[in-house]
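Here the structure comes first, spelled out in structure tokens, and everything after it is commentary.
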Amino acid sequence: MRILITGAGEVGFLIASELYADHDVTVIDKDPAACARLQNMDVKVLQGNSANARLLIMAGIKKADIVVAVTGNDEANVITCIIASHLGVRQTIARVSNPEYIDQPVQDRKEIGISYMICPELAMAEDMARSLYFPSMLLDRELAGGKVELIEFKVTEEMPLQGPVGEVKVNLPDGCKIMAINRKGDISIPLEGDLIMSNDHLFLLCDPKSLPELRRMLHEESSPHKALIVGGGMVGFYLANRLEKMGLDVKLIEVNTERCIEIADKLSSTMILNGDGTDISLLKEEGTEYMDVVFAVTGLDEKNLLCSLLAKQLGAKKILSRVNRYDYIKLFELVGVDRAVSPGQVTADAVLQRVSGGEEVITLSDERMELVDFIAKAGAKIIGKSVSKELPKDSMVGMILRDGKPMMPDDDFKVKEGDRVFVMSMPEVVSKVKKLFVS
């Protein structure tokens, strides 16, 4: 496919890096430094204003299959997509942050020529809110319209999960499979003899029906009920609104007095506190040590990191932090943040899921592992063969959807045309895996 990306910031860079190996990618950005970051990729790069119709035509917009507008300017992104639609582009995706334009993480705007609007802040807040099903859960992503779920949680001493992977997986509920282990920022696909240890983060692919049994197995029948949010911007506000609807007792700390007044009128039960989230006296006074979860979601990475470390020192049970630079994710998790979430990465994942025609892509832990949903097309090499035996090293099959039903494949399971196969792999072998599924 021919794909035109406008904006080479965090989101545009991540999308281009995922797509250039298999597609004809062109990127436009007016920042010379952003353009220079793409030099090591086989992409066409043009420097200039992406809302300029002449430049878009020069970039080949009339021949593009998909246009992805992800600059930092909402209006430029909307204009780019409208121009693209008028020129016959069949799919357009715009990154938009202004709440006057969008009030959901992803919205259909076909009536004005935009296939999808995606809001980074709302997508990240939604991603964080979904991690509260049980206390140790850090990630919960719905895949294939909710028929499959990817979850991440932290192993504690009380859980019956420590020991060799081969022994632990026998005790897991049917419909759950261990896909990856993250140990202090180092993520890997587990082998049978690898040890699972306390404080490891496990990634499981699950049939949603198995989650209640998994929750009971982990001895985590209760859900978090006390939350502290530091940062009252768009992310913090949306998160508080979401947590109120989930029935949590929510406190929110915001340093700007006017912003506190503004959001206090819109949140019905959240306690709004005007103060600095890095003030340890304020954190102590508001009972941070009793919080089930603390969200550090200001617009500053340094402030989020300091707030997270203070909350951890005070004894908060779980800490999730916003990280604007995705390459800081490993640093945050290395020093004790339970999960660091990049709005750029969450947005890139949302875009990639729509660009790839129904196949879903999730990048785990600072792009060092990918979960991809492949569709076995007519004439594909993998049809009639065992996917477990055909996959290259550093990749592993998780779950297969056949006729809409989730199935856990064994070594003798043969792939049929139309199967949706979820594969975890290291980035360097994703292209090899893809070759098994294309006709």
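In the structure tokens, chains take letters A, B, ... by order of appearance, with residues numbered from 1 within each chain and ligands from 1 in the order shown.
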Exercise for the section: Can you pull out every residue within 9 Å of Glu192 in chain A, counting only C-alpha atoms, but drop anything in the same chain fewer than 4 positions away, and send it as an MDAnalysis selection string? Expected result: chainID A and resid 164:167
Practice task
Excluding Thr257 in chain A and any residue of its chain fewer than 3 positions from it, enumerate the residues within 7 Å of it, using only C-alpha atoms, and give them as JSON, numbers by chain.
Solution key: {"A": [260, 261, 274]}
Practice task
Fewer than 5 positions away in the same chain doesn't count, so skip those; otherwise give me all residues within 8 Å of range 132-140 of chain A, counting only C-alpha atoms, as number ranges by chain.
Solution key: A: 127, 149-155, 215, 220-224, 292, 318, 320, 338-339
Expected file: the selected residues, C-alpha atoms, as a PDB file, in the first residue's frame:
ATOM      1  CA  ASP A 127      -5.838   2.429  28.435  1.00  0.00           C
ATOM      2  CA  GLU A 149      -7.680  -9.825  25.752  1.00  0.00           C
ATOM      3  CA  LEU A 150      -4.020  -9.069  26.355  1.00  0.00           C
ATOM      4  CA  ILE A 151      -3.307  -8.454  30.033  1.00  0.00           C
ATOM      5  CA  GLU A 152      -0.208  -7.567  32.004  1.00  0.00           C
ATOM      6  CA  PHE A 153       0.152  -7.943  35.757  1.00  0.00           C
ATOM      7  CA  LYS A 154       2.845  -7.923  38.411  1.00  0.00           C
ATOM      8  CA  VAL A 155       3.699 -11.213  40.139  1.00  0.00           C
ATOM      9  CA  ARG A 215      -8.533 -13.494  39.173  1.00  0.00           C
ATOM     10  CA  GLU A 220      -7.240 -10.985  43.881  1.00  0.00           C
ATOM     11  CA  GLU A 221     -11.017 -11.122  44.107  1.00  0.00           C
ATOM     12  CA  SER A 222     -11.338  -7.416  44.954  1.00  0.00           C
ATOM     13  CA  SER A 223     -10.874  -4.431  42.654  1.00  0.00           C
ATOM     14  CA  PRO A 224      -9.016  -1.190  43.487  1.00  0.00           C
ATOM     15  CA  ASP A 292      -4.712   1.374  45.586  1.00  0.00           C
ATOM     16  CA  LYS A 318       0.273   0.524  42.189  1.00  0.00           C
ATOM     17  CA  LEU A 320       1.013   4.231  36.553  1.00  0.00           C
ATOM     18  CA  ASP A 338       4.727  -0.265  37.669  1.00  0.00           C
ATOM     19  CA  ARG A 339       3.763   0.818  34.164  1.00  0.00           C
TER      20      ARG A 339
END
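Atom to atom, CA of Met424 in chain A and CA of Ile181 in chain A stand 11.6 Å apart.
Straight-line separation from CA of Thr347 in chain A to CA of Pro427 in chain A: 18.3 Å.
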